file final-v3.txt (compact mmCIF, C-alpha atoms)
# COMPACT_ATOMS: atom_id res chain seq x y z
CA MET A 628 0.00 0.00 0.00
CA ASN A 629 1.58 3.24 -1.21
CA ARG A 630 0.60 5.67 1.54
CA GLU A 631 2.69 8.46 0.08
CA PHE A 632 0.39 8.57 -2.95
CA LEU A 633 -2.68 8.72 -0.70
CA TYR A 634 -1.16 11.57 1.30
CA GLU A 635 -0.37 13.40 -1.94
CA LEU A 636 -4.03 13.14 -2.95
CA LEU A 637 -5.16 14.43 0.45
CA GLU A 638 -2.89 17.46 0.15
CA THR A 639 -4.50 18.46 -3.16
CA ALA A 640 -7.64 20.60 -3.28
CA SER A 641 -10.32 19.33 -5.67
CA VAL A 642 -13.59 21.11 -4.98
CA SER A 643 -16.30 19.76 -7.27
CA GLY A 644 -15.82 21.32 -10.69
CA PHE A 645 -12.10 21.93 -10.12
CA GLU A 646 -10.58 18.43 -10.20
CA GLU A 647 -7.88 18.96 -12.86
CA GLU A 648 -4.86 19.15 -10.52
CA ILE A 649 -5.67 15.99 -8.58
CA GLN A 650 -6.50 14.12 -11.79
CA ARG A 651 -3.09 14.97 -13.23
CA LYS A 652 -1.58 13.26 -10.19
CA VAL A 653 -3.80 10.22 -10.81
CA ILE A 654 -2.60 10.05 -14.42
CA LYS A 655 1.05 10.21 -13.38
CA TYR A 656 0.61 7.45 -10.82
CA ALA A 657 -1.53 5.18 -13.02
CA ARG A 658 0.97 5.30 -15.86
CA GLY A 659 3.28 3.33 -13.60
CA PHE A 660 1.15 0.17 -13.90
CA ALA A 661 -1.79 0.60 -16.28
CA ASP A 662 -1.71 -0.61 -19.88
CA GLU A 663 -3.65 2.45 -21.00
CA VAL A 664 -4.70 5.70 -19.34
CA TYR A 665 -7.09 8.17 -20.91
CA THR A 666 -9.01 11.25 -19.86
CA ASP A 667 -12.04 13.02 -21.28
CA GLU A 668 -13.34 16.53 -21.86
CA ILE A 669 -14.46 17.02 -18.24
CA ALA A 670 -11.30 15.59 -16.58
CA ASP A 671 -12.46 12.06 -15.75
CA VAL A 672 -9.52 9.63 -15.81
CA VAL A 673 -9.79 5.93 -16.72
CA SER A 674 -6.83 3.64 -16.01
CA ILE A 675 -7.06 0.33 -17.87
CA VAL A 676 -5.52 -3.09 -17.28
CA ASN A 677 -6.02 -5.74 -19.99
CA PRO A 678 -7.80 -3.48 -22.52
CA ASP A 679 -8.34 -6.35 -24.97
CA ALA A 680 -10.25 -8.54 -22.49
CA GLU A 681 -13.86 -9.39 -23.34
CA ILE A 682 -15.10 -9.00 -19.75
CA LYS A 683 -14.83 -5.39 -18.60
CA VAL A 684 -15.09 -4.51 -14.89
CA MET A 685 -15.56 -0.83 -14.15
CA LEU A 686 -14.30 0.42 -10.79
CA SER A 687 -15.49 3.92 -9.98
CA ALA A 688 -14.60 6.47 -7.29
CA HIS A 689 -15.01 10.22 -7.32
CA MET A 690 -12.12 12.62 -6.83
CA ASP A 691 -14.08 15.79 -6.11
CA GLU A 692 -14.61 17.07 -2.59
CA ILE A 693 -17.25 19.31 -1.05
CA GLY A 694 -16.40 22.97 -0.67
CA LEU A 695 -17.48 26.52 -1.35
CA MET A 696 -17.40 28.94 -4.27
CA VAL A 697 -16.89 32.69 -4.08
CA SER A 698 -20.20 34.30 -5.05
CA HIS A 699 -19.82 37.97 -4.10
CA ILE A 700 -17.14 40.42 -2.93
CA THR A 701 -18.24 43.23 -0.60
CA GLU A 702 -17.09 46.83 -0.68
CA LYS A 703 -14.80 46.05 2.27
CA GLY A 704 -13.20 43.09 0.46
CA MET A 705 -15.01 40.31 2.31
CA LEU A 706 -16.12 37.20 0.41
CA HIS A 707 -19.61 35.71 0.33
CA VAL A 708 -19.87 32.10 -0.84
CA SER A 709 -22.24 29.49 -2.24
CA LYS A 710 -22.28 25.72 -1.67
CA ALA A 711 -20.32 23.29 -3.80
CA GLY A 712 -21.81 20.04 -2.53
CA GLY A 713 -23.47 18.95 0.70
CA ILE A 714 -21.67 21.13 3.21
CA TYR A 715 -22.61 21.85 6.82
CA PRO A 716 -22.23 25.66 7.19
CA GLY A 717 -21.57 25.42 10.92
CA THR A 718 -18.38 23.41 10.37
CA TYR A 719 -16.75 26.38 8.63
CA LEU A 720 -16.93 28.91 11.48
CA GLY A 721 -13.50 29.73 12.88
CA GLN A 722 -11.77 27.65 10.19
CA LYS A 723 -8.92 28.64 7.92
CA VAL A 724 -9.66 28.18 4.21
CA ARG A 725 -7.84 28.21 0.89
CA ILE A 726 -9.17 30.03 -2.17
CA MET A 727 -7.72 28.83 -5.47
CA HIS A 728 -7.30 31.64 -8.00
CA GLU A 729 -5.57 31.15 -11.33
CA GLY A 730 -3.24 28.50 -9.93
CA ASN A 731 -2.42 30.45 -6.77
CA VAL A 732 -3.59 29.94 -3.19
CA VAL A 733 -5.13 32.80 -1.22
CA TYR A 734 -5.73 32.14 2.48
CA GLY A 735 -8.74 33.28 4.46
CA ALA A 736 -10.50 33.10 7.83
CA VAL A 737 -14.19 32.27 8.15
CA ARG A 738 -16.47 34.21 10.44
CA ASN A 739 -20.20 34.39 11.11
CA HIS A 740 -21.93 37.09 9.07
CA GLY A 741 -25.32 36.40 10.67
CA SER A 742 -26.69 36.24 14.20
CA LEU A 743 -24.45 34.50 16.72
CA ASN A 744 -27.58 33.05 18.36
CA LYS A 745 -28.85 31.12 15.32
CA LYS A 746 -29.07 27.37 15.95
CA GLU A 747 -28.82 26.39 12.30
CA LEU A 748 -26.48 28.47 10.18
CA GLU A 749 -27.18 29.03 6.50
CA ILE A 750 -24.67 29.54 3.70
CA THR A 751 -25.55 33.25 3.68
CA ASP A 752 -24.25 33.49 7.27
CA ILE A 753 -20.69 32.64 6.18
CA ILE A 754 -18.21 35.34 5.18
CA ILE A 755 -14.48 35.00 4.47
CA ASP A 756 -11.83 37.54 5.46
CA ILE A 757 -8.72 37.38 3.23
CA GLY A 758 -7.16 40.53 4.72
CA ALA A 759 -8.24 42.81 1.88
CA VAL A 760 -9.03 46.46 2.63
CA SER A 761 -11.45 47.04 -0.26
CA ARG A 762 -13.31 45.32 -3.09
CA GLU A 763 -10.63 46.46 -5.53
CA ASP A 764 -7.90 45.06 -3.29
CA ALA A 765 -9.68 41.69 -3.00
CA MET A 766 -10.39 41.50 -6.74
CA GLY A 767 -6.67 41.72 -7.40
CA HIS A 768 -6.29 38.32 -5.72
CA VAL A 769 -9.60 36.43 -6.02
CA ALA A 770 -12.67 36.38 -8.26
CA CYS A 771 -16.26 35.22 -8.15
CA GLY A 772 -16.34 31.56 -9.14
CA ASP A 773 -13.10 30.64 -7.32
CA PRO A 774 -13.31 27.39 -5.30
CA VAL A 775 -12.78 27.36 -1.53
CA SER A 776 -11.61 24.41 0.58
CA PHE A 777 -10.70 23.85 4.21
CA ASP A 778 -7.08 24.71 5.03
CA THR A 779 -6.46 21.44 6.88
CA ASP A 780 -3.85 18.68 6.67
CA TYR A 781 -3.87 14.93 7.15
CA ARG A 782 -2.78 13.49 10.49
CA GLU A 783 -2.01 9.92 11.53
CA LEU A 784 -3.94 8.97 14.67
CA LEU A 785 -3.65 6.12 17.16
CA ASN A 786 -4.38 2.52 16.10
CA ASP A 787 -3.47 3.12 12.44
CA ARG A 788 -6.29 5.57 11.88
CA LEU A 789 -6.13 8.62 9.67
CA CYS A 790 -7.71 12.08 9.98
CA ALA A 791 -8.12 14.42 6.99
CA ARG A 792 -10.57 16.45 4.97
CA GLY A 793 -11.74 14.89 1.72
CA LEU A 794 -11.31 11.24 2.66
CA ASP A 795 -14.67 11.23 0.89
CA ASP A 796 -13.74 10.04 -1.64
CA ARG A 797 -10.03 10.16 -2.21
CA LEU A 798 -9.97 6.90 -0.27
CA GLY A 799 -12.10 5.30 -2.98
CA GLY A 800 -9.90 6.61 -5.78
CA TYR A 801 -6.80 5.40 -3.99
CA ILE A 802 -8.33 1.96 -3.37
CA ILE A 803 -9.41 1.28 -6.96
CA LEU A 804 -5.97 2.22 -8.30
CA GLU A 805 -4.13 0.10 -5.73
CA ALA A 806 -6.51 -2.82 -6.30
CA ALA A 807 -6.07 -2.62 -10.10
CA LYS A 808 -2.30 -2.55 -9.64
CA LYS A 809 -2.35 -5.52 -7.27
CA ALA A 810 -4.71 -7.53 -9.52
CA LYS A 811 -2.40 -6.97 -12.48
CA GLU A 812 0.62 -8.14 -10.46
CA ARG A 813 -1.34 -11.32 -9.64
CA GLY A 814 -2.09 -12.04 -13.31
CA CYS A 815 -5.73 -10.93 -13.49
CA THR A 816 -7.23 -11.66 -16.93
CA CYS A 817 -10.40 -9.54 -16.97
CA GLY A 818 -10.39 -5.97 -18.22
CA ILE A 819 -10.11 -3.47 -15.36
CA TYR A 820 -11.33 0.08 -15.95
CA ALA A 821 -10.50 2.17 -12.87
CA ALA A 822 -12.45 5.40 -13.34
CA THR A 823 -11.64 8.32 -11.07
CA THR A 824 -14.62 10.55 -11.75
CA VAL A 825 -15.53 14.20 -11.37
CA GLY A 826 -18.64 15.94 -10.10
CA GLU A 827 -20.12 13.29 -7.81
CA GLU A 828 -20.90 15.77 -5.06
CA LEU A 829 -23.04 17.84 -7.44
CA THR A 830 -24.44 15.96 -10.45
CA LYS A 831 -22.61 12.60 -10.89
CA HIS A 832 -22.06 13.49 -14.52
CA GLY A 833 -18.50 12.14 -14.50
CA ALA A 834 -19.66 8.63 -13.65
CA ALA A 835 -22.36 8.80 -16.32
CA TRP A 836 -19.83 9.82 -18.97
CA CYS A 837 -17.38 7.07 -17.98
CA ALA A 838 -19.98 4.31 -17.78
CA SER A 839 -21.52 5.22 -21.14
CA ARG A 840 -18.14 5.20 -22.88
CA ILE A 841 -16.69 2.12 -21.17
CA ALA A 842 -19.90 0.07 -21.51
CA PRO A 843 -18.69 -2.37 -18.82
CA THR A 844 -19.92 -5.87 -18.11
CA LEU A 845 -20.38 -4.89 -14.46
CA ALA A 846 -19.40 -2.08 -12.12
CA ILE A 847 -18.35 -1.59 -8.51
CA VAL A 848 -18.40 1.85 -6.92
CA LEU A 849 -16.00 2.58 -4.05
CA ASP A 850 -17.23 5.28 -1.72
CA VAL A 851 -17.43 6.02 1.99
CA THR A 852 -20.33 5.35 4.34
CA TYR A 853 -21.26 6.60 7.80
CA THR A 854 -20.18 4.57 10.79
CA SER A 855 -22.55 4.16 13.73
CA ASP A 856 -19.88 3.99 16.44
CA TYR A 857 -20.00 7.52 17.84
CA GLU A 858 -22.62 9.66 19.58
CA GLY A 859 -25.43 11.09 17.49
CA THR A 860 -25.54 8.35 14.85
CA ARG A 861 -28.40 5.96 14.12
CA THR A 862 -28.39 2.28 13.29
CA ILE A 863 -32.14 1.87 12.66
CA GLU A 864 -32.11 2.39 8.90
CA ASN A 865 -28.68 1.33 7.67
CA GLY A 866 -27.42 -1.09 10.31
CA GLU A 867 -24.40 -1.13 12.61
CA ILE A 868 -21.15 -0.13 10.91
CA LEU A 869 -17.89 0.11 12.83
CA LEU A 870 -14.58 1.80 12.11
CA GLY A 871 -12.08 -1.04 11.72
CA GLY A 872 -14.89 -3.50 11.00
CA GLY A 873 -13.83 -4.06 7.41
CA PRO A 874 -15.28 -3.28 3.96
CA VAL A 875 -19.02 -2.63 3.81
CA PHE A 876 -21.19 -4.50 1.29
CA LEU A 877 -24.61 -3.30 0.27
CA HIS A 878 -28.05 -4.87 0.61
CA ASN A 879 -30.05 -2.69 -1.77
CA SER A 880 -32.96 -3.07 -4.17
CA PHE A 881 -30.69 -2.46 -7.18
CA SER A 882 -27.39 -3.87 -5.86
CA HIS A 883 -26.73 -6.80 -8.18
CA LYS A 884 -26.90 -10.04 -6.20
CA MET A 885 -24.29 -11.97 -8.17
CA VAL A 886 -21.75 -9.15 -7.91
CA VAL A 887 -22.34 -8.85 -4.17
CA GLU A 888 -21.99 -12.62 -3.73
CA ARG A 889 -18.67 -12.54 -5.58
CA LEU A 890 -17.41 -9.75 -3.33
CA GLU A 891 -18.43 -11.68 -0.23
CA LYS A 892 -16.67 -14.78 -1.57
CA ALA A 893 -13.53 -12.74 -2.26
CA ALA A 894 -13.52 -11.42 1.31
CA ARG A 895 -13.78 -14.95 2.70
CA ASN A 896 -11.00 -16.15 0.38
CA VAL A 897 -8.53 -13.59 1.74
CA HIS A 898 -9.83 -13.79 5.33
CA ILE A 899 -10.99 -10.16 5.49
CA LYS A 900 -13.83 -9.34 7.88
CA TYR A 901 -16.68 -7.40 6.32
CA GLN A 902 -19.90 -5.58 7.22
CA TRP A 903 -23.33 -4.95 5.68
CA GLU A 904 -25.21 -1.75 4.95
CA ASN A 905 -28.92 -1.81 4.22
CA GLY A 906 -30.92 0.47 1.96
CA CYS A 907 -33.55 0.78 -0.73
CA GLY A 908 -33.39 2.80 -3.92
CA ARG A 909 -30.82 5.52 -4.58
CA THR A 910 -27.43 5.27 -2.89
CA CYS A 911 -26.41 8.93 -3.34
CA THR A 912 -23.17 7.66 -4.92
CA ASP A 913 -21.91 7.34 -8.49
CA ALA A 914 -23.69 3.98 -8.59
CA ASP A 915 -26.96 5.80 -9.21
CA ALA A 916 -25.65 7.15 -12.52
CA ILE A 917 -23.67 4.06 -13.56
CA HIS A 918 -26.48 1.59 -12.95
CA MET A 919 -28.73 3.36 -15.47
CA ALA A 920 -26.12 4.23 -18.10
CA GLY A 921 -26.42 2.87 -21.62
CA ARG A 922 -28.50 -0.31 -21.68
CA GLY A 923 -28.13 -0.71 -17.91
CA ILE A 924 -25.12 -2.00 -15.96
CA PRO A 925 -25.11 -4.57 -13.11
CA THR A 926 -23.73 -2.48 -10.24
CA THR A 927 -23.06 -2.49 -6.53
CA VAL A 928 -21.29 -0.32 -3.96
CA MET A 929 -18.46 -1.33 -1.64
CA SER A 930 -17.92 1.26 1.08
CA ILE A 931 -15.18 2.37 3.44
CA PRO A 932 -16.38 3.09 7.01
CA LEU A 933 -15.95 6.79 7.81
CA ARG A 934 -16.54 8.98 10.84
CA TYR A 935 -17.61 12.65 10.55
CA MET A 936 -18.35 12.69 6.82
CA HIS A 937 -18.37 16.12 5.14
CA ASN A 938 -16.50 17.68 8.03
CA PRO A 939 -13.01 19.28 8.03
CA ALA A 940 -11.62 16.30 9.95
CA GLU A 941 -12.98 12.96 8.74
CA VAL A 942 -11.55 9.76 10.27
CA CYS A 943 -10.93 6.34 8.71
CA SER A 944 -9.10 3.14 9.61
CA MET A 945 -6.19 2.19 7.36
CA GLU A 946 -6.97 -1.43 8.19
CA ASP A 947 -10.30 -0.96 6.42
CA VAL A 948 -8.54 0.67 3.46
CA GLN A 949 -6.15 -2.27 3.10
CA GLY A 950 -9.05 -4.69 3.47
CA CYS A 951 -10.91 -3.00 0.60
CA ILE A 952 -7.82 -3.22 -1.62
CA ASP A 953 -7.31 -6.91 -0.86
CA VAL A 954 -10.96 -7.86 -1.36
CA LEU A 955 -11.26 -5.93 -4.61
CA ALA A 956 -8.04 -7.40 -6.03
CA GLU A 957 -9.23 -10.91 -5.14
CA PHE A 958 -12.62 -10.20 -6.74
CA LEU A 959 -10.95 -9.03 -9.96
CA CYS A 960 -8.70 -12.09 -10.12
CA GLY A 961 -11.78 -14.32 -9.79
CA ILE A 962 -13.60 -12.80 -12.78
CA GLY A 963 -13.30 -14.90 -15.93
CA SER A 964 -15.26 -15.64 -19.09
CA ASP A 965 -17.52 -17.97 -17.09
CA ILE A 966 -19.17 -15.08 -15.22
CA CYS A 967 -22.93 -15.42 -15.49
CA LEU A 968 -24.96 -12.23 -15.97
CA LYS A 969 -27.76 -13.64 -18.11
CA PRO A 970 -31.37 -12.37 -18.13
CA LEU A 971 -33.92 -14.15 -15.95
CA GLU A 972 -35.38 -17.27 -17.55
CA GLY A 973 -39.06 -18.11 -17.16

call {"tool": "encode", "arguments": {"input": "final-v3.txt", "output": "structure tokens"}}
result
Amino acid sequence: MNREFLYELLETASVSGFEEEIQRKVIKYARGFADEVYTDEIADVVSIVNPDAEIKVMLSAHMDEIGLMVSHITEKGMLHVSKAGGIYPGTYLGQKVRIMHEGNVVYGAVRNHGSLNKKELEITDIIIDIGAVSREDAMGHVACGDPVSFDTDYRELLNDRLCARGLDDRLGGYIILEAAKKAKERGCTCGIYAATTVGEELTKHGAAWCASRIAPTLAIVLDVTYTSDYEGTRTIENGEILLGGGPVFLHNSFSHKMVVERLEKAARNVHIKYQWENGCGRTCTDADAIHMAGRGIPTTVMSIPLRYMHNPAEVCSMEDVQGCIDVLAEFLCGIGSDICLKPLEG
């Protein structure tokens, strides 16, 4: 497991709609093992192993992160913002942020523009101070439309756990690349199409583009899911999910049964513990777009347990990350021409 590459991804800002820099790093890394690497007009990247294979397995994970976008600059040089994804406004108060402008970083401090007594802050309550003394001064350094991300770093915690912003879903992108690399080293014969997609936090258009163009035999989406092992979480709807409990498989009305069974078998083969998440209908992941692309694609989701999703300091277990890599590589090595995805017979 190449942790240095993961840390490099975590250090790179990639607010939804501004994924180009992180995708260039994906391309550079993937060229070290993939047989082919291509990108498209919106900055999706697909890294391919065994491009001539008849069976094509699409692995998908999004590289965009939640954030903000500069929407207005006041006469005093303060910045108003709009949402870029499912943010919690209250998590930004008192935080340092980075504004990306024409390849440069401008730093800012977030304060409350609204009432200090409000229980639920709105995006209009957030204002960013970059130190400017006027609108003209600020406009010399930033512009409306610039992306804004938390100014936070990754930190290694006790018990091989990791804290960072944007683990959702750089972890997934890291896992599918490492799994594709490991499967190739083991002599995997199926076609592997590791798609690091854009725009999941907003529209999921990147996954739709990739799935339509790849036209895979089946697809697995790697994303994060909420754990239930800290105060304020609920287990009633989705089940009990623990940090360090292993990869999470999905019971869902559209999660393809055969694909899920193969994942479960792979986990047992490599002696990796695993967990189950329950749900019906949409998953709010790239799977929702992939499943319905083209003529329809048998799809499921494998998730990484995550604490404090969409916060400036998310927490994961590196044991879970390694488990996902091992299970996915084993799954890929078990896919051959005998895979059965035939229509139901009467």

call {"tool": "residues_near_point", "arguments": {"input": "final-v3.txt", "point": "(-10.3, 32.8, -5.5)", "cutoff": "7 Å", "atoms": "only C-alpha atoms", "output": "list in words"}}
result
Val697, Ile726, Met727, His728, Val733, His768, Val769, Ala770, Cys771, Asp773 and Pro774 of chain A

call {"tool": "closest_residue", "arguments": {"input": "final-v3.txt", "among": "A:Ser643, A:Thr823, A:Asn786, A:Asn629", "to": "Gly713 (chain A)", "atoms": "only C-alpha atoms"}}
result
A:Ser643

call {"tool": "closest_residue", "arguments": {"input": "final-v3.txt", "among": "A:Asn677, A:Ser839, A:Gln902, A:Thr816", "to": "Ile931 (chain A)", "atoms": "all atoms listed in the file"}}
result
A:Gln902

call {"tool": "axis_aligned_box", "arguments": {"input": "final-v3.txt", "around": "region 639-654 of chain A", "padding_each_side": "8 Å", "output": "AutoDock Vina command-line options"}}
result
--center_x -8.9 --center_y 16.0 --center_z -8.8 --size_x 30.7 --size_y 27.9 --size_z 27.3

call {"tool": "closest_residue", "arguments": {"input": "final-v3.txt", "among": "A:Val886, A:Ala791, A:Val673, A:Leu720", "to": "Glu635 (chain A)", "atoms": "only C-alpha atoms"}}
result
A:Ala791

call {"tool": "closest_residue", "arguments": {"input": "final-v3.txt", "among": "A:Val875, A:Ser964, A:Ala807, A:Asp780", "to": "Ile675 (chain A)", "atoms": "all atoms listed in the file"}}
result
A:Ala807

call {"tool": "closest_atom_pairs", "arguments": {"input": "final-v3.txt", "of": "region 797-835 of chain A", "to": "region 935-946 of chain A", "cutoff": "12 Å", "atoms": "only C-alpha atoms", "output": "Markdown table"}}
result
| residue | atom | partner | partner_atom | distance |
| --- | --- | --- | --- | --- |
| A:Arg797 | CA | A:Cys943 | CA | 11.6 |
| A:Leu798 | CA | A:Cys943 | CA | 9.0 |
| A:Gly799 | CA | A:Cys943 | CA | 11.8 |
| A:Tyr801 | CA | A:Met945 | CA | 11.8 |
| A:Ile802 | CA | A:Met945 | CA | 10.9 |
| A:Glu828 | CA | A:His937 | CA | 10.5 |

call {"tool": "closest_residue", "arguments": {"input": "final-v3.txt", "among": "A:Trp836, A:Phe958, A:Phe876, A:Tyr853", "to": "Arg889 (chain A)", "atoms": "only C-alpha atoms"}}
result
A:Phe958

call {"tool": "residues_near_point", "arguments": {"input": "final-v3.txt", "point": "(-3.4, 13.3, -3.6)", "cutoff": "8 Å", "atoms": "all atoms listed in the file", "output": "ChimeraX atom specification"}}
result
/A:632-639,649,652-653,797

call {"tool": "atom_distance", "arguments": {"input": "final-v3.txt", "atom1": "CA of His832 (chain A)", "atom2": "CA of Tyr820 (chain A)"}}
result
17.2 Å
